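**Student:** CSV, C-alpha atoms and all ligand atoms, file final.csv:
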chain,number,residue,atom,x,y,z
A,132,MET,CA,0.0,0.0,0.0
A,133,GLY,CA,2.8,2.4,0.9
A,134,ILE,CA,4.5,1.8,-2.5
A,135,ILE,CA,1.2,2.6,-4.3
A,136,VAL,CA,0.7,5.8,-2.3
A,137,SER,CA,4.3,6.8,-2.9
A,138,SER,CA,4.0,6.2,-6.6
A,139,ILE,CA,0.8,8.3,-6.8
A,140,ASP,CA,2.5,11.1,-4.9
A,141,TYR,CA,5.5,10.8,-7.2
A,142,ILE,CA,3.4,11.1,-10.4
A,143,LEU,CA,1.1,13.9,-9.0
A,144,ASN,CA,4.1,15.9,-7.6
A,145,ASN,CA,6.0,15.7,-10.9
A,146,ALA,CA,2.9,16.8,-12.8
A,147,ARG,CA,2.3,19.7,-10.4
A,148,ALA,CA,5.9,20.8,-10.4
A,149,ASN,CA,6.2,20.9,-14.2
A,150,SER,CA,3.0,22.8,-14.9
A,151,LEU,CA,2.8,25.6,-12.4
A,152,TRP,CA,0.4,28.3,-13.6
A,153,PRO,CA,1.2,31.7,-12.2
A,154,LEU,CA,-1.4,34.3,-11.3
A,155,THR,CA,-0.8,37.6,-13.1
A,156,PHE,CA,-0.1,39.7,-10.0
A,157,ALA,CA,2.5,42.5,-9.6
A,158,THR,CA,2.2,45.8,-7.7
A,159,SER,CA,5.4,47.6,-8.5
A,160,CYS,CA,8.9,47.6,-10.2
A,161,CYS,CA,9.6,43.9,-9.5
A,162,GLY,CA,6.7,43.2,-11.9
A,163,ILE,CA,8.8,44.4,-14.8
A,164,GLU,CA,11.5,41.7,-14.0
A,165,MET,CA,8.7,39.1,-13.8
A,166,MET,CA,7.4,40.1,-17.2
A,167,GLN,CA,11.0,39.9,-18.6
A,168,THR,CA,11.1,36.3,-17.4
A,169,VAL,CA,8.4,35.4,-19.8
A,170,ALA,CA,10.2,37.0,-22.8
A,171,SER,CA,12.2,34.9,-25.2
A,172,ASP,CA,15.6,35.8,-23.7
A,173,ASN,CA,14.7,33.9,-20.5
A,174,ASP,CA,11.8,31.7,-21.7
A,175,ILE,CA,10.0,30.6,-18.5
A,176,ALA,CA,8.2,28.1,-20.8
A,177,ARG,CA,11.2,25.8,-20.4
A,178,PHE,CA,10.0,25.1,-16.9
A,179,GLY,CA,6.3,24.8,-17.8
A,180,SER,CA,5.2,28.1,-16.1
A,181,GLU,CA,4.5,30.4,-19.0
A,182,VAL,CA,0.7,30.2,-18.7
A,183,PHE,CA,0.0,33.3,-16.6
A,184,ARG,CA,-3.7,33.4,-15.7
A,185,GLY,CA,-5.9,36.4,-15.2
A,186,SER,CA,-8.1,34.5,-12.7
A,187,PRO,CA,-6.9,33.1,-9.4
A,188,ARG,CA,-9.2,30.1,-9.8
A,189,GLN,CA,-7.1,29.0,-12.7
A,190,ALA,CA,-3.7,29.6,-11.1
A,191,ASP,CA,-1.7,27.6,-8.5
A,192,LEU,CA,1.4,29.8,-8.2
A,193,LEU,CA,1.4,33.3,-6.8
A,194,ILE,CA,4.6,35.3,-7.6
A,195,CYS,CA,4.1,38.3,-5.4
A,196,ALA,CA,6.2,40.9,-7.2
A,197,GLY,CA,6.4,44.3,-5.5
A,198,THR,CA,5.4,46.3,-2.5
A,199,ILE,CA,2.4,45.2,-0.5
A,200,THR,CA,0.6,48.0,1.3
A,201,HIS,CA,-1.9,47.7,4.1
A,202,LYS,CA,-4.6,48.7,1.7
A,203,MET,CA,-3.6,46.0,-0.7
A,204,ALA,CA,-3.3,43.2,1.9
A,205,PRO,CA,-7.0,42.2,1.9
A,206,VAL,CA,-7.0,42.0,-1.9
A,207,LEU,CA,-3.8,39.8,-1.8
A,208,LEU,CA,-5.4,37.5,0.8
A,209,ARG,CA,-8.7,37.2,-1.2
A,210,LEU,CA,-6.8,36.3,-4.4
A,211,TYR,CA,-4.7,33.7,-2.5
A,212,GLU,CA,-7.8,32.2,-0.9
A,213,GLN,CA,-9.5,31.9,-4.4
A,214,MET,CA,-6.5,30.1,-6.0
A,215,ALA,CA,-6.7,26.4,-6.8
A,216,GLU,CA,-5.3,23.9,-4.2
A,217,PRO,CA,-2.5,23.0,-3.8
A,218,LYS,CA,-1.1,26.5,-4.2
A,219,TYR,CA,2.4,27.9,-3.9
A,220,VAL,CA,3.9,31.3,-3.2
A,221,ILE,CA,7.1,33.0,-4.3
A,222,ALA,CA,7.9,36.3,-2.5
A,223,MET,CA,9.8,38.2,-5.2
A,224,GLY,CA,11.9,41.2,-4.1
A,225,ALA,CA,13.1,42.8,-0.9
A,226,CYS,CA,9.9,44.8,-0.6
A,227,THR,CA,7.7,41.7,-0.6
A,228,CYS,CA,9.9,39.7,1.6
A,229,GLY,CA,10.4,42.3,4.4
A,230,GLY,CA,9.4,45.8,3.3
A,231,GLY,CA,12.7,46.5,1.6
A,232,MET,CA,13.7,50.1,1.4
A,233,PHE,CA,10.3,51.1,2.9
A,234,CYS,CA,10.8,49.0,6.0
A,235,ASP,CA,11.8,51.9,8.3
A,236,THR,CA,10.5,54.9,6.4
A,237,SER,CA,6.9,54.0,5.4
A,238,TYR,CA,3.9,53.5,7.6
A,239,SER,CA,1.9,52.0,4.7
A,240,VAL,CA,4.0,49.1,3.6
A,241,ILE,CA,3.6,45.6,5.1
A,242,LYS,CA,7.0,44.3,6.4
A,243,GLY,CA,6.8,40.9,4.8
A,244,ILE,CA,3.9,39.1,3.1
A,245,ASP,CA,4.4,36.1,5.3
A,246,LYS,CA,2.3,38.1,7.8
A,247,ILE,CA,-0.6,37.5,5.4
A,248,ILE,CA,-0.1,34.3,3.4
A,249,PRO,CA,2.3,31.4,3.7
A,250,VAL,CA,5.5,31.7,1.6
A,251,ASP,CA,7.3,28.8,0.0
A,252,ILE,CA,10.3,30.6,-1.5
A,253,TYR,CA,11.8,34.0,-0.6
A,254,LEU,CA,13.7,35.9,-3.3
A,255,PRO,CA,15.1,39.0,-1.6
A,256,MET,CA,16.8,41.3,-4.0
A,257,CYS,CA,16.1,44.7,-5.4
A,258,PRO,CA,15.0,43.8,-8.0
A,259,PRO,CA,15.7,40.1,-8.5
A,260,ARG,CA,16.8,39.4,-12.1
A,261,PRO,CA,14.8,37.1,-14.3
A,262,GLU,CA,17.5,34.4,-13.8
A,263,ALA,CA,16.9,34.6,-10.1
A,264,LEU,CA,13.2,34.1,-10.5
A,265,LEU,CA,13.8,31.1,-12.7
A,266,ASP,CA,16.1,29.8,-10.0
A,267,ALA,CA,13.3,30.3,-7.5
A,268,ILE,CA,10.9,28.4,-9.7
A,269,ARG,CA,13.4,25.5,-9.9
A,270,LYS,CA,13.8,25.5,-6.2
A,271,LEU,CA,10.0,25.4,-5.8
A,272,GLN,CA,9.8,22.5,-8.2
A,273,LYS,CA,12.3,20.6,-6.1
A,274,LYS,CA,10.3,21.3,-3.0
A,275,ILE,CA,7.0,20.2,-4.6
A,276,LYS,CA,8.6,17.0,-5.8
A,277,SER,CA,9.9,16.1,-2.4
A,278,GLU,CA,6.7,16.7,-0.3
A,279,THR,CA,3.6,14.7,0.2
A,280,ILE,CA,0.0,16.0,0.4
A,281,LEU,CA,0.2,15.6,4.2
A,282,ASP,CA,3.5,17.7,4.3
A,283,ARG,CA,1.7,20.4,2.3
A,284,LYS,CA,-1.3,20.4,4.6
A,285,LYS,CA,1.0,20.7,7.7
A,286,PHE,CA,2.9,23.6,6.0
A,287,VAL,CA,-0.3,25.5,5.2
A,288,ASP,CA,-2.0,24.8,8.5
A,289,SER,CA,1.1,26.0,10.4
A,290,HIS,CA,0.7,29.4,8.7
A,291,THR,CA,-3.1,29.7,8.9
A,292,SER,CA,-3.0,30.7,12.6
A,293,ASN,CA,-0.4,33.3,11.9
A,294,LEU,CA,-2.5,34.6,9.1
A,295,MET,CA,-5.7,34.9,11.2
A,296,GLU,CA,-3.7,36.5,14.1
A,297,SER,CA,-1.8,38.9,11.9
A,298,LYS,CA,-2.1,42.4,13.5
A,299,ASP,CA,-2.2,44.0,10.0
A,300,ILE,CA,-5.1,41.8,8.9
A,301,LEU,CA,-7.1,42.4,12.1
A,302,VAL,CA,-6.7,46.1,11.8
A,303,LEU,CA,-7.7,46.1,8.2
A,304,LYS,CA,-10.8,43.9,8.9
A,305,GLN,CA,-11.8,46.3,11.7
A,306,LYS,CA,-11.5,49.3,9.3
A,307,GLU,CA,-13.5,47.4,6.6
A,308,GLN,CA,-16.3,46.7,9.1
A,309,GLN,CA,-16.3,50.4,10.3
A,310,SER,CA,-16.6,51.8,6.7
B,1,LIG,S1,12.4,45.2,-4.3
B,1,LIG,FE1,13.2,46.9,-5.4
B,1,LIG,S2,12.5,46.6,-7.5
B,1,LIG,FE2,11.3,45.3,-6.2
B,1,LIG,S3,9.4,46.4,-5.7
B,1,LIG,FE3,10.9,46.8,-4.1
B,1,LIG,S4,12.0,48.7,-4.8
B,1,LIG,FE4,10.9,47.9,-6.6
The structure in this file should be written as structure tokens.
**Tutor:**
Amino acid sequence: MGIIVSSIDYILNNARANSLWPLTFATSCCGIEMMQTVASDNDIARFGSEVFRGSPRQADLLICAGTITHKMAPVLLRLYEQMAEPKYVIAMGACTCGGGMFCDTSYSVIKGIDKIIPVDIYLPMCPPRPEALLDAIRKLQKKIKSETILDRKKFVDSHTSNLMESKDILVLKQKEQQS
């Protein structure tokens, strides 16, 4: 029985890893580098991830490229929740990973999207080059191939509580209710 389950996991994981469909989502300058990754010079299609989708329901990879503000956080959370399971996240750029250059100077920027959604791969540069994004996708593919559905569930569950308790999200929800 164990052999059968392992074989099914192996086949499904390989299929998932080699056909990641990213959501079209970028909020600032890192988005330009993400677009460049799709161009022929870098050719993200080599890794099966060229099918950028306009709808979160048709995507299973969120490449969060750019600054996330408090105002944007509920939108990001909603898009993530609407994505197909199992879903994966790459935090692209220093701003997404930890606030970047706005970390100490801006009141409006969230200091890391892991306060809102679970992150699989961090790519902290300003901006990351297309080659770096391709490397992040390769690392994510390796991760997907090595984990079982139970591993995935544990990973996501361990972040759900952080997400619900996030101070940023609670403040935003309170503001939404008041308006
Ligand atoms: S990390 Fe740099 S390039 Fe990316 S969004 Fe922030 S300031 Fe722009």
**Student:** What does the list of residues within 12 Å of ligand LIG 1 (chain B) look like if you count all atoms listed in the file, written as number ranges by chain?
**Tutor:** A: 157-165, 195-200, 222-234, 240-243, 253-261
**Student:** Would you list the contacts of region 186-191 of chain A as a CSV table (one decimal) with C-alpha atoms, in the coordinates of the input, taking every protein, DNA or RNA residue within 8 Å and counting all atoms listed in the file, but skipping same-chain residues closer than 2 positions in sequence?
**Tutor:**
chain,number,residue,atom,x,y,z
A,151,LEU,CA,2.8,25.6,-12.4
A,152,TRP,CA,0.4,28.3,-13.6
A,153,PRO,CA,1.2,31.7,-12.2
A,154,LEU,CA,-1.4,34.3,-11.3
A,155,THR,CA,-0.8,37.6,-13.1
A,183,PHE,CA,0.0,33.3,-16.6
A,184,ARG,CA,-3.7,33.4,-15.7
A,193,LEU,CA,1.4,33.3,-6.8
A,210,LEU,CA,-6.8,36.3,-4.4
A,211,TYR,CA,-4.7,33.7,-2.5
A,213,GLN,CA,-9.5,31.9,-4.4
A,214,MET,CA,-6.5,30.1,-6.0
A,215,ALA,CA,-6.7,26.4,-6.8
A,216,GLU,CA,-5.3,23.9,-4.2
A,217,PRO,CA,-2.5,23.0,-3.8
A,218,LYS,CA,-1.1,26.5,-4.2
A,219,TYR,CA,2.4,27.9,-3.9
**Student:** As an exercise, work out the distance from CA of Ile268 (chain A) to CA of Pro205 (chain A) in Å and give it to one decimal place.
**Tutor:**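 Calculated distance between CA of Ile268 (chain A) and CA of Pro205 (chain A) is 25.4 Å.
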**Student:** Using all atoms listed in the file, pick whichever of A:Arg177, A:Lys285, A:Lys202, A:Lys274 has the shortest atom-to-atom distance to Pro249 (chain A).
**Tutor:**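 Of A:Arg177, A:Lys285, A:Lys202, A:Lys274, the one nearest Pro249 (chain A), counting all atoms listed in the file, is A:Lys285.
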**Student:** If I take CA of Gly179 (chain A) and CA of Asn149 (chain A), how far is one from the other in Å, to one decimal?
**Tutor:**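 Atom-to-atom, CA of Gly179 (chain A) and CA of Asn149 (chain A) are spaced 5.3 Å apart.
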**Student:** Which residue gives the smallest distance to Arg147 (chain A) among A:Leu208, A:Ile280, A:Ile275, A:Val287, with all atoms listed in the file counted?
**Tutor:**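 That would be A:Ile275, the residue with the smallest distance to Arg147 (chain A).
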**Student:** Work out how far apart CA of Thr279 (chain A) and CA of Ser137 (chain A) are and give it in Å to one decimal.
**Tutor:**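 So the answer is 8.5 Å.
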**Student:** Give me, as a list in words, all polymer residues having an atom no more than 8 Å from region 168-172 of chain A, counting only C-alpha atoms and skipping those fewer than 5 positions away in the same chain.
**Tutor:**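 Once the adjacent positions are removed, what remains is Glu181, Pro261, Glu262, Leu264 and Leu265 of chain A.
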**Student:** In terms of the shortest atom-to-atom distance over all atoms listed in the file, which of A:Val206, A:Ile244, A:Ala176, A:Ala148 is closest to Ile194 (chain A)?
**Tutor:**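 Of A:Val206, A:Ile244, A:Ala176, A:Ala148, the one nearest Ile194 (chain A), counting all atoms listed in the file, is A:Ile244.
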**Student:** Find the residues near Glu278 (chain A): any atom within 9 Å, counting all atoms listed in the file, skip ones fewer than 4 places away on the same chain, and give them as a PyMOL selection string.
**Tutor:** chain A and resi 140+144+273-274+282-283
**Student:** Calculated over all atoms listed in the file, which of the candidates A:Ile247, A:Ala267, A:His201, A:Glu212 has the smallest distance to His290 (chain A)?
**Tutor:**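 The answer is A:Ile247, which sits nearest to His290 (chain A).
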**Student:** Return the single residue from A:Phe178, A:Val220, A:Asp235, A:Lys246 that is closest to Asn145 (chain A), with distances computed using only C-alpha atoms.
**Tutor:** A:Phe178
**Student:** Quick test: take region 169-285 of chain A, keep C-alpha atoms, and write it as a PDB file, in the first residue's frame.
**Tutor:**
ATOM      1  CA  VAL A 169       8.392  35.400 -19.812  1.00  0.00           C
ATOM      2  CA  ALA A 170      10.198  37.016 -22.769  1.00  0.00           C
ATOM      3  CA  SER A 171      12.191  34.890 -25.209  1.00  0.00           C
ATOM      4  CA  ASP A 172      15.589  35.768 -23.661  1.00  0.00           C
ATOM      5  CA  ASN A 173      14.682  33.930 -20.490  1.00  0.00           C
ATOM      6  CA  ASP A 174      11.816  31.738 -21.683  1.00  0.00           C
ATOM      7  CA  ILE A 175      10.014  30.619 -18.543  1.00  0.00           C
ATOM      8  CA  ALA A 176       8.176  28.125 -20.801  1.00  0.00           C
ATOM      9  CA  ARG A 177      11.199  25.808 -20.442  1.00  0.00           C
ATOM     10  CA  PHE A 178       9.951  25.116 -16.921  1.00  0.00           C
ATOM     11  CA  GLY A 179       6.252  24.830 -17.789  1.00  0.00           C
ATOM     12  CA  SER A 180       5.246  28.092 -16.071  1.00  0.00           C
ATOM     13  CA  GLU A 181       4.482  30.364 -19.006  1.00  0.00           C
ATOM     14  CA  VAL A 182       0.689  30.161 -18.652  1.00  0.00           C
ATOM     15  CA  PHE A 183       0.013  33.326 -16.632  1.00  0.00           C
ATOM     16  CA  ARG A 184      -3.656  33.391 -15.693  1.00  0.00           C
ATOM     17  CA  GLY A 185      -5.941  36.368 -15.177  1.00  0.00           C
ATOM     18  CA  SER A 186      -8.139  34.499 -12.712  1.00  0.00           C
ATOM     19  CA  PRO A 187      -6.927  33.119  -9.356  1.00  0.00           C
ATOM     20  CA  ARG A 188      -9.207  30.115  -9.800  1.00  0.00           C
ATOM     21  CA  GLN A 189      -7.069  28.983 -12.740  1.00  0.00           C
ATOM     22  CA  ALA A 190      -3.694  29.584 -11.051  1.00  0.00           C
ATOM     23  CA  ASP A 191      -1.682  27.605  -8.507  1.00  0.00           C
ATOM     24  CA  LEU A 192       1.402  29.835  -8.181  1.00  0.00           C
ATOM     25  CA  LEU A 193       1.386  33.344  -6.754  1.00  0.00           C
ATOM     26  CA  ILE A 194       4.567  35.255  -7.608  1.00  0.00           C
ATOM     27  CA  CYS A 195       4.109  38.283  -5.397  1.00  0.00           C
ATOM     28  CA  ALA A 196       6.199  40.916  -7.203  1.00  0.00           C
ATOM     29  CA  GLY A 197       6.358  44.311  -5.541  1.00  0.00           C
ATOM     30  CA  THR A 198       5.438  46.303  -2.486  1.00  0.00           C
ATOM     31  CA  ILE A 199       2.361  45.242  -0.533  1.00  0.00           C
ATOM     32  CA  THR A 200       0.637  48.048   1.316  1.00  0.00           C
ATOM     33  CA  HIS A 201      -1.882  47.703   4.145  1.00  0.00           C
ATOM     34  CA  LYS A 202      -4.602  48.740   1.713  1.00  0.00           C
ATOM     35  CA  MET A 203      -3.559  46.000  -0.720  1.00  0.00           C
ATOM     36  CA  ALA A 204      -3.321  43.234   1.916  1.00  0.00           C
ATOM     37  CA  PRO A 205      -7.015  42.182   1.925  1.00  0.00           C
ATOM     38  CA  VAL A 206      -6.950  41.965  -1.887  1.00  0.00           C
ATOM     39  CA  LEU A 207      -3.834  39.782  -1.793  1.00  0.00           C
ATOM     40  CA  LEU A 208      -5.436  37.541   0.843  1.00  0.00           C
ATOM     41  CA  ARG A 209      -8.663  37.229  -1.166  1.00  0.00           C
ATOM     42  CA  LEU A 210      -6.781  36.328  -4.356  1.00  0.00           C
ATOM     43  CA  TYR A 211      -4.725  33.738  -2.477  1.00  0.00           C
ATOM     44  CA  GLU A 212      -7.825  32.174  -0.950  1.00  0.00           C
ATOM     45  CA  GLN A 213      -9.452  31.895  -4.394  1.00  0.00           C
ATOM     46  CA  MET A 214      -6.513  30.063  -5.963  1.00  0.00           C
ATOM     47  CA  ALA A 215      -6.663  26.362  -6.786  1.00  0.00           C
ATOM     48  CA  GLU A 216      -5.253  23.867  -4.242  1.00  0.00           C
ATOM     49  CA  PRO A 217      -2.479  22.967  -3.757  1.00  0.00           C
ATOM     50  CA  LYS A 218      -1.118  26.485  -4.222  1.00  0.00           C
ATOM     51  CA  TYR A 219       2.364  27.900  -3.868  1.00  0.00           C
ATOM     52  CA  VAL A 220       3.868  31.338  -3.212  1.00  0.00           C
ATOM     53  CA  ILE A 221       7.133  32.966  -4.270  1.00  0.00           C
ATOM     54  CA  ALA A 222       7.868  36.277  -2.512  1.00  0.00           C
ATOM     55  CA  MET A 223       9.750  38.211  -5.200  1.00  0.00           C
ATOM     56  CA  GLY A 224      11.869  41.185  -4.143  1.00  0.00           C
ATOM     57  CA  ALA A 225      13.072  42.754  -0.922  1.00  0.00           C
ATOM     58  CA  CYS A 226       9.853  44.776  -0.577  1.00  0.00           C
ATOM     59  CA  THR A 227       7.660  41.686  -0.639  1.00  0.00           C
ATOM     60  CA  CYS A 228       9.930  39.674   1.645  1.00  0.00           C
ATOM     61  CA  GLY A 229      10.386  42.264   4.398  1.00  0.00           C
ATOM     62  CA  GLY A 230       9.378  45.770   3.347  1.00  0.00           C
ATOM     63  CA  GLY A 231      12.686  46.491   1.583  1.00  0.00           C
ATOM     64  CA  MET A 232      13.704  50.147   1.411  1.00  0.00           C
ATOM     65  CA  PHE A 233      10.312  51.114   2.897  1.00  0.00           C
ATOM     66  CA  CYS A 234      10.843  48.988   5.994  1.00  0.00           C
ATOM     67  CA  ASP A 235      11.829  51.870   8.309  1.00  0.00           C
ATOM     68  CA  THR A 236      10.459  54.868   6.449  1.00  0.00           C
ATOM     69  CA  SER A 237       6.917  54.004   5.389  1.00  0.00           C
ATOM     70  CA  TYR A 238       3.879  53.509   7.571  1.00  0.00           C
ATOM     71  CA  SER A 239       1.868  52.043   4.718  1.00  0.00           C
ATOM     72  CA  VAL A 240       4.033  49.102   3.604  1.00  0.00           C
ATOM     73  CA  ILE A 241       3.648  45.643   5.112  1.00  0.00           C
ATOM     74  CA  LYS A 242       6.965  44.286   6.370  1.00  0.00           C
ATOM     75  CA  GLY A 243       6.778  40.871   4.781  1.00  0.00           C
ATOM     76  CA  ILE A 244       3.888  39.075   3.091  1.00  0.00           C
ATOM     77  CA  ASP A 245       4.395  36.053   5.337  1.00  0.00           C
ATOM     78  CA  LYS A 246       2.287  38.062   7.798  1.00  0.00           C
ATOM     79  CA  ILE A 247      -0.613  37.540   5.401  1.00  0.00           C
ATOM     80  CA  ILE A 248      -0.051  34.332   3.417  1.00  0.00           C
ATOM     81  CA  PRO A 249       2.343  31.368   3.733  1.00  0.00           C
ATOM     82  CA  VAL A 250       5.461  31.744   1.572  1.00  0.00           C
ATOM     83  CA  ASP A 251       7.314  28.807  -0.036  1.00  0.00           C
ATOM     84  CA  ILE A 252      10.318  30.593  -1.544  1.00  0.00           C
ATOM     85  CA  TYR A 253      11.822  33.981  -0.612  1.00  0.00           C
ATOM     86  CA  LEU A 254      13.686  35.881  -3.311  1.00  0.00           C
ATOM     87  CA  PRO A 255      15.056  38.977  -1.555  1.00  0.00           C
ATOM     88  CA  MET A 256      16.835  41.254  -4.016  1.00  0.00           C
ATOM     89  CA  CYS A 257      16.064  44.712  -5.398  1.00  0.00           C
ATOM     90  CA  PRO A 258      15.020  43.799  -7.983  1.00  0.00           C
ATOM     91  CA  PRO A 259      15.664  40.082  -8.532  1.00  0.00           C
ATOM     92  CA  ARG A 260      16.829  39.440 -12.088  1.00  0.00           C
ATOM     93  CA  PRO A 261      14.812  37.089 -14.326  1.00  0.00           C
ATOM     94  CA  GLU A 262      17.497  34.416 -13.842  1.00  0.00           C
ATOM     95  CA  ALA A 263      16.925  34.626 -10.085  1.00  0.00           C
ATOM     96  CA  LEU A 264      13.180  34.133 -10.550  1.00  0.00           C
ATOM     97  CA  LEU A 265      13.848  31.104 -12.750  1.00  0.00           C
ATOM     98  CA  ASP A 266      16.125  29.751 -10.012  1.00  0.00           C
ATOM     99  CA  ALA A 267      13.330  30.300  -7.456  1.00  0.00           C
ATOM    100  CA  ILE A 268      10.920  28.367  -9.682  1.00  0.00           C
ATOM    101  CA  ARG A 269      13.442  25.511  -9.946  1.00  0.00           C
ATOM    102  CA  LYS A 270      13.793  25.474  -6.153  1.00  0.00           C
ATOM    103  CA  LEU A 271      10.008  25.428  -5.791  1.00  0.00           C
ATOM    104  CA  GLN A 272       9.798  22.530  -8.246  1.00  0.00           C
ATOM    105  CA  LYS A 273      12.299  20.575  -6.120  1.00  0.00           C
ATOM    106  CA  LYS A 274      10.268  21.342  -3.011  1.00  0.00           C
ATOM    107  CA  ILE A 275       7.002  20.207  -4.645  1.00  0.00           C
ATOM    108  CA  LYS A 276       8.598  16.968  -5.846  1.00  0.00           C
ATOM    109  CA  SER A 277       9.869  16.131  -2.362  1.00  0.00           C
ATOM    110  CA  GLU A 278       6.721  16.747  -0.310  1.00  0.00           C
ATOM    111  CA  THR A 279       3.583  14.679   0.199  1.00  0.00           C
ATOM    112  CA  ILE A 280       0.039  16.032   0.408  1.00  0.00           C
ATOM    113  CA  LEU A 281       0.246  15.631   4.202  1.00  0.00           C
ATOM    114  CA  ASP A 282       3.490  17.669   4.312  1.00  0.00           C
ATOM    115  CA  ARG A 283       1.710  20.356   2.297  1.00  0.00           C
ATOM    116  CA  LYS A 284      -1.283  20.406   4.613  1.00  0.00           C
ATOM    117  CA  LYS A 285       0.965  20.704   7.680  1.00  0.00           C
TER     118      LYS A 285
END
